[in-house]
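Structure data follow from work.cif (mmCIF, C-alpha atoms):
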data_entry
loop_
_atom_site.group_PDB
_atom_site.id
_atom_site.type_symbol
_atom_site.label_atom_id
_atom_site.label_comp_id
_atom_site.auth_asym_id
_atom_site.auth_seq_id
_atom_site.Cartn_x
_atom_site.Cartn_y
_atom_site.Cartn_z
ATOM 1 C CA MET A 267 34.806 -184.460 52.397
ATOM 2 C CA LYS A 268 37.851 -182.951 50.655
ATOM 3 C CA LYS A 269 37.876 -180.044 53.125
ATOM 4 C CA VAL A 270 38.217 -182.512 56.001
ATOM 5 C CA VAL A 271 41.338 -184.033 54.470
ATOM 6 C CA ASP A 272 42.763 -180.615 53.634
ATOM 7 C CA LYS A 273 42.320 -179.289 57.186
ATOM 8 C CA ARG A 274 43.786 -182.440 58.696
ATOM 9 C CA ALA A 275 46.736 -182.291 56.294
ATOM 10 C CA ALA A 276 47.195 -178.576 57.034
ATOM 11 C CA LEU A 277 47.254 -179.308 60.770
ATOM 12 C CA LEU A 278 49.829 -182.085 60.350
ATOM 13 C CA SER A 279 51.976 -179.879 58.119
ATOM 14 C CA ALA A 280 51.801 -176.946 60.545
ATOM 15 C CA ALA A 281 52.600 -179.222 63.473
ATOM 16 C CA LEU A 282 55.632 -180.624 61.641
ATOM 17 C CA GLU A 283 56.948 -177.135 60.940
ATOM 18 C CA LEU A 284 56.407 -175.890 64.477
ATOM 19 C CA PHE A 285 57.750 -178.997 66.195
ATOM 20 C CA ALA A 286 60.869 -178.822 64.009
ATOM 21 C CA GLU A 287 61.290 -175.101 64.756
ATOM 22 C CA ASN A 288 60.304 -174.934 68.430
ATOM 23 C CA GLY A 289 59.965 -178.430 69.854
ATOM 24 C CA PHE A 290 56.890 -180.100 71.300
ATOM 25 C CA ASN A 291 56.541 -178.011 74.453
ATOM 26 C CA ALA A 292 56.957 -174.633 72.753
ATOM 27 C CA SER A 293 54.325 -175.403 70.104
ATOM 28 C CA PRO A 294 50.874 -174.929 71.645
ATOM 29 C CA THR A 295 47.829 -176.276 69.835
ATOM 30 C CA ALA A 296 46.497 -172.736 69.274
ATOM 31 C CA LEU A 297 49.679 -171.839 67.380
ATOM 32 C CA ILE A 298 49.479 -175.052 65.329
ATOM 33 C CA ALA A 299 45.880 -174.243 64.385
ATOM 34 C CA ARG A 300 46.775 -170.648 63.525
ATOM 35 C CA ARG A 301 49.690 -171.792 61.334
ATOM 36 C CA ALA A 302 47.339 -174.274 59.614
ATOM 37 C CA GLY A 303 44.824 -171.493 58.958
ATOM 38 C CA VAL A 304 42.016 -173.073 60.971
ATOM 39 C CA ALA A 305 40.150 -172.170 64.155
ATOM 40 C CA SER A 306 41.768 -173.348 67.407
ATOM 41 C CA GLY A 307 39.052 -175.873 68.185
ATOM 42 C CA THR A 308 39.348 -177.459 64.745
ATOM 43 C CA LEU A 309 42.493 -179.310 65.804
ATOM 44 C CA PHE A 310 40.431 -181.251 68.330
ATOM 45 C CA VAL A 311 37.945 -182.319 65.663
ATOM 46 C CA TYR A 312 40.746 -184.352 64.052
ATOM 47 C CA PHE A 313 42.886 -185.220 67.084
ATOM 48 C CA LYS A 314 41.732 -185.899 70.665
ATOM 49 C CA SER A 315 44.828 -184.263 72.123
ATOM 50 C CA LYS A 316 48.214 -182.811 71.284
ATOM 51 C CA GLU A 317 49.700 -186.198 72.196
ATOM 52 C CA GLU A 318 47.516 -187.910 69.588
ATOM 53 C CA LEU A 319 48.558 -185.297 67.009
ATOM 54 C CA ILE A 320 52.240 -185.964 67.773
ATOM 55 C CA ARG A 321 51.786 -189.731 67.523
ATOM 56 C CA GLU A 322 49.799 -189.501 64.280
ATOM 57 C CA LEU A 323 52.378 -187.180 62.757
ATOM 58 C CA PHE A 324 55.106 -189.655 63.691
ATOM 59 C CA ARG A 325 53.155 -192.524 62.112
ATOM 60 C CA GLU A 326 52.773 -190.582 58.872
ATOM 61 C CA VAL A 327 56.383 -189.373 58.716
ATOM 62 C CA ASN A 328 57.646 -192.851 59.587
ATOM 63 C CA GLN A 329 55.441 -194.447 56.935
ATOM 64 C CA GLN A 330 56.646 -191.977 54.297
ATOM 65 C CA PHE A 331 60.258 -192.541 55.306
ATOM 66 C CA HIS A 332 60.017 -196.328 55.144
ATOM 67 C CA ALA A 333 58.210 -196.272 51.804
ATOM 68 C CA LEU A 334 61.022 -194.236 50.257
ATOM 69 C CA ALA A 335 63.920 -195.869 52.066
ATOM 70 C CA TRP A 336 63.097 -199.488 51.312
ATOM 71 C CA GLU A 337 61.675 -199.311 47.797
ATOM 72 C CA ASN A 338 62.894 -201.686 45.096
ATOM 73 C CA PHE A 339 65.566 -203.485 47.099
ATOM 74 C CA GLU A 340 64.049 -206.965 47.305
ATOM 75 C CA GLU A 341 66.011 -208.329 44.359
ATOM 76 C CA LEU A 342 69.417 -207.118 45.566
ATOM 77 C CA PRO A 343 71.839 -209.244 47.578
ATOM 78 C CA ILE A 344 71.844 -208.366 51.280
ATOM 79 C CA LYS A 345 75.062 -206.306 51.221
ATOM 80 C CA GLU A 346 73.900 -204.140 48.302
ATOM 81 C CA ARG A 347 70.433 -203.871 49.839
ATOM 82 C CA LEU A 348 71.941 -202.520 53.064
ATOM 83 C CA LEU A 349 74.171 -200.026 51.254
ATOM 84 C CA ALA A 350 71.303 -198.861 49.055
ATOM 85 C CA ALA A 351 69.063 -198.433 52.106
ATOM 86 C CA LEU A 352 71.728 -196.397 53.904
ATOM 87 C CA ARG A 353 72.078 -194.133 50.865
ATOM 88 C CA GLN A 354 68.299 -193.710 50.772
ATOM 89 C CA PHE A 355 68.217 -192.910 54.519
ATOM 90 C CA LEU A 356 70.855 -190.217 54.107
ATOM 91 C CA ARG A 357 69.186 -188.797 51.003
ATOM 92 C CA TYR A 358 65.823 -188.682 52.756
ATOM 93 C CA PHE A 359 67.169 -186.922 55.836
ATOM 94 C CA LEU A 360 69.103 -184.396 53.774
ATOM 95 C CA THR A 361 66.067 -183.536 51.648
ATOM 96 C CA HIS A 362 63.560 -183.621 54.548
ATOM 97 C CA PRO A 363 65.187 -181.671 57.413
ATOM 98 C CA LYS A 364 61.894 -180.936 59.222
ATOM 99 C CA GLU A 365 61.000 -184.612 59.265
ATOM 100 C CA PHE A 366 64.489 -185.434 60.545
ATOM 101 C CA LYS A 367 64.267 -182.889 63.381
ATOM 102 C CA PHE A 368 60.798 -184.075 64.307
ATOM 103 C CA GLY A 369 61.808 -187.752 64.229
ATOM 104 C CA GLU A 370 64.854 -187.085 66.364
ATOM 105 C CA GLN A 371 62.744 -185.233 68.945
ATOM 106 C CA TYR A 372 60.200 -188.023 68.941
ATOM 107 C CA HIS A 373 62.794 -190.752 69.461
ATOM 108 C CA PHE A 374 64.289 -188.925 72.444
ATOM 109 C CA SER A 375 60.927 -188.068 73.997
ATOM 110 C CA PRO A 376 58.670 -190.019 76.351
ATOM 111 C CA TYR A 377 56.340 -190.666 73.380
ATOM 112 C CA PHE A 378 58.770 -193.084 71.746
ATOM 113 C CA ASN A 379 58.700 -195.866 74.322
ATOM 114 C CA SER A 380 55.203 -195.384 75.678
ATOM 115 C CA GLU A 381 52.004 -196.850 74.356
ATOM 116 C CA PRO A 382 49.174 -194.430 73.639
ATOM 117 C CA ALA A 383 46.395 -194.487 76.180
ATOM 118 C CA THR A 384 43.407 -196.524 75.090
ATOM 119 C CA SER A 385 39.871 -195.442 75.814
#
Using structure tokens, write down the structure from this file.
Amino acid sequence: MKKVVDKRAALLSAALELFAENGFNASPTALIARRAGVASGTLFVYFKSKEELIRELFREVNQQFHALAWENFEELPIKERLLAALRQFLRYFLTHPKEFKFGEQYHFSPYFNSEPATS
């Protein structure tokens, strides 16, 4: 089962790189798969569509961001908590430029305010 996780992680990593470099529209699924080192059809084993891949990548990046940005602030007074969080936000974005570019694209795309289709 480790190979499954590795391929999925490789696809998410490749997608992050390509979306940050080229944007959503200029990053076809075949190129994402090639960058991840997997066959083109493998992407669709893990994600139903490119849209699902984009949404899942956003969930993971957002989760990682929030885990780092809000850690260990519960005991601080509100003003210090806010300042500490802002410092963490800036530090995160400066040390994770691909995630920042991807997040910015996502927030200004139709994906941000639309619910994923349910089947």
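Comparing the minimum interatomic distances between Leu309 (chain A) and each of A:Ile344, A:Ala280, A:Ala286, A:Leu352, counting all atoms listed in the file, we find that A:Ala280 sits nearest.
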Would you give the centre and edge lengths, in Å to one decimal, of a box along x, y and z around the listed atoms of region 286-303 of chain A, with 8 Å added to each side, as JSON?
{"center_x": 53.1, "center_y": -175.4, "center_z": 66.7, "size_x": 32.5, "size_y": 25.5, "size_z": 31.5}
Can you give me, as a PDB file with C-alpha atoms, keeping the file's coordinate frame, the residues this file yields under the PyMOL selection byres ((chain A and resi 312) around 9)?
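After the write, result-v1.pdb holds the following:
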ATOM      1  CA  VAL A 270      38.217-182.512  56.001  1.00  0.00           C
ATOM      2  CA  LYS A 273      42.320-179.289  57.186  1.00  0.00           C
ATOM      3  CA  ARG A 274      43.786-182.440  58.696  1.00  0.00           C
ATOM      4  CA  LEU A 277      47.254-179.308  60.770  1.00  0.00           C
ATOM      5  CA  THR A 308      39.348-177.459  64.745  1.00  0.00           C
ATOM      6  CA  LEU A 309      42.493-179.310  65.804  1.00  0.00           C
ATOM      7  CA  PHE A 310      40.431-181.251  68.330  1.00  0.00           C
ATOM      8  CA  VAL A 311      37.945-182.319  65.663  1.00  0.00           C
ATOM      9  CA  PHE A 313      42.886-185.220  67.084  1.00  0.00           C
ATOM     10  CA  LYS A 314      41.732-185.899  70.665  1.00  0.00           C
ATOM     11  CA  LEU A 319      48.558-185.297  67.009  1.00  0.00           C
TER      12      LEU A 319
END
Checklist entry - Looking at A:Leu342, A:Leu323, A:Ala302, A:Ala333, which one is nearest to Ala276 (chain A), with distances taken over all atoms listed in the file? => result A:Ala302
Next on the checklist: Let me make sure I understand: among A:Glu318, A:Glu346, A:Glu365, A:Glu370, which one has the smallest atom-to-atom distance to Leu282 (chain A) if we use all atoms listed in the file?
Outcome noted: A:Glu365
Checklist entry - What lies within 9 Å of region 294-298 of chain A using all atoms listed in the file, ignoring chain neighbours under 3 positions off, as a list in words? => result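 Skipping anything fewer than 3 positions along the chain leaves Leu277, Leu278, Ala280, Ala281, Glu283, Leu284, Phe290, Asn291, Arg301, Ala302, Gly303, Val304, Ala305, Ser306, Gly307, Leu309, Ser315 and Lys316 of chain A.
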Will you model all heavy atoms for region 277-288 of chain A and pass it back as a JSON list (two decimals), in the coordinates of the input?
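Saved to rebuild-v6.json:
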[["chain", "number", "residue", "atom", "x", "y", "z"],
["A", 277, "LEU", "N", 46.87, -179.22, 59.36],
["A", 277, "LEU", "CA", 47.25, -179.31, 60.77],
["A", 277, "LEU", "C", 48.52, -180.13, 60.95],
["A", 277, "LEU", "O", 49.42, -179.74, 61.70],
["A", 277, "LEU", "CB", 46.11, -179.91, 61.59],
["A", 277, "LEU", "CG", 44.93, -178.99, 61.82],
["A", 277, "LEU", "CD1", 43.70, -179.77, 62.26],
["A", 277, "LEU", "CD2", 45.28, -177.90, 62.84],
["A", 278, "LEU", "N", 48.62, -181.25, 60.25],
["A", 278, "LEU", "CA", 49.83, -182.08, 60.35],
["A", 278, "LEU", "C", 51.05, -181.35, 59.81],
["A", 278, "LEU", "O", 52.13, -181.40, 60.40],
["A", 278, "LEU", "CB", 49.63, -183.41, 59.61],
["A", 278, "LEU", "CG", 48.69, -184.40, 60.30],
["A", 278, "LEU", "CD1", 48.34, -185.54, 59.35],
["A", 278, "LEU", "CD2", 49.30, -184.94, 61.58],
["A", 279, "SER", "N", 50.88, -180.64, 58.71],
["A", 279, "SER", "CA", 51.98, -179.88, 58.12],
["A", 279, "SER", "C", 52.43, -178.75, 59.05],
["A", 279, "SER", "O", 53.63, -178.54, 59.26],
["A", 279, "SER", "CB", 51.54, -179.31, 56.77],
["A", 279, "SER", "OG", 52.57, -178.55, 56.20],
["A", 280, "ALA", "N", 51.47, -178.03, 59.62],
["A", 280, "ALA", "CA", 51.80, -176.95, 60.54],
["A", 280, "ALA", "C", 52.48, -177.49, 61.79],
["A", 280, "ALA", "O", 53.46, -176.91, 62.29],
["A", 280, "ALA", "CB", 50.53, -176.18, 60.92],
["A", 281, "ALA", "N", 51.99, -178.61, 62.29],
["A", 281, "ALA", "CA", 52.60, -179.22, 63.47],
["A", 281, "ALA", "C", 54.04, -179.63, 63.18],
["A", 281, "ALA", "O", 54.94, -179.40, 63.99],
["A", 281, "ALA", "CB", 51.78, -180.43, 63.93],
["A", 282, "LEU", "N", 54.28, -180.22, 62.01],
["A", 282, "LEU", "CA", 55.63, -180.62, 61.64],
["A", 282, "LEU", "C", 56.56, -179.42, 61.63],
["A", 282, "LEU", "O", 57.66, -179.46, 62.20],
["A", 282, "LEU", "CB", 55.62, -181.31, 60.27],
["A", 282, "LEU", "CG", 56.99, -181.72, 59.73],
["A", 282, "LEU", "CD1", 57.65, -182.75, 60.63],
["A", 282, "LEU", "CD2", 56.85, -182.24, 58.30],
["A", 283, "GLU", "N", 56.13, -178.35, 61.00],
["A", 283, "GLU", "CA", 56.95, -177.14, 60.94],
["A", 283, "GLU", "C", 57.26, -176.59, 62.33],
["A", 283, "GLU", "O", 58.41, -176.29, 62.65],
["A", 283, "GLU", "CB", 56.23, -176.06, 60.13],
["A", 283, "GLU", "CG", 56.14, -176.34, 58.66],
["A", 283, "GLU", "CD", 55.32, -175.30, 57.92],
["A", 283, "GLU", "OE1", 54.96, -174.25, 58.53],
["A", 283, "GLU", "OE2", 55.00, -175.53, 56.75],
["A", 284, "LEU", "N", 56.22, -176.48, 63.15],
["A", 284, "LEU", "CA", 56.41, -175.89, 64.48],
["A", 284, "LEU", "C", 57.21, -176.79, 65.40],
["A", 284, "LEU", "O", 58.05, -176.30, 66.16],
["A", 284, "LEU", "CB", 55.05, -175.54, 65.10],
["A", 284, "LEU", "CG", 54.38, -174.33, 64.45],
["A", 284, "LEU", "CD1", 52.93, -174.24, 64.87],
["A", 284, "LEU", "CD2", 55.14, -173.06, 64.80],
["A", 285, "PHE", "N", 56.97, -178.09, 65.35],
["A", 285, "PHE", "CA", 57.75, -179.00, 66.19],
["A", 285, "PHE", "C", 59.22, -178.97, 65.78],
["A", 285, "PHE", "O", 60.10, -179.01, 66.63],
["A", 285, "PHE", "CB", 57.21, -180.42, 66.12],
["A", 285, "PHE", "CG", 55.83, -180.59, 66.71],
["A", 285, "PHE", "CD1", 54.98, -181.57, 66.23],
["A", 285, "PHE", "CD2", 55.37, -179.79, 67.74],
["A", 285, "PHE", "CE1", 53.71, -181.76, 66.76],
["A", 285, "PHE", "CE2", 54.10, -179.95, 68.28],
["A", 285, "PHE", "CZ", 53.27, -180.94, 67.78],
["A", 286, "ALA", "N", 59.49, -178.89, 64.49],
["A", 286, "ALA", "CA", 60.87, -178.82, 64.01],
["A", 286, "ALA", "C", 61.53, -177.50, 64.42],
["A", 286, "ALA", "O", 62.70, -177.48, 64.79],
["A", 286, "ALA", "CB", 60.93, -178.99, 62.50],
["A", 287, "GLU", "N", 60.76, -176.42, 64.39],
["A", 287, "GLU", "CA", 61.29, -175.10, 64.76],
["A", 287, "GLU", "C", 61.44, -174.91, 66.26],
["A", 287, "GLU", "O", 62.45, -174.40, 66.74],
["A", 287, "GLU", "CB", 60.35, -174.00, 64.24],
["A", 287, "GLU", "CG", 60.31, -173.83, 62.76],
["A", 287, "GLU", "CD", 59.21, -172.88, 62.32],
["A", 287, "GLU", "OE1", 58.66, -172.12, 63.15],
["A", 287, "GLU", "OE2", 58.87, -172.90, 61.11],
["A", 288, "ASN", "N", 60.39, -175.31, 67.02],
["A", 288, "ASN", "CA", 60.30, -174.93, 68.43],
["A", 288, "ASN", "C", 60.31, -176.09, 69.42],
["A", 288, "ASN", "O", 60.40, -175.86, 70.61],
["A", 288, "ASN", "CB", 59.01, -174.15, 68.68],
["A", 288, "ASN", "CG", 58.86, -172.96, 67.76],
["A", 288, "ASN", "OD1", 59.83, -172.32, 67.39],
["A", 288, "ASN", "ND2", 57.64, -172.67, 67.36]]
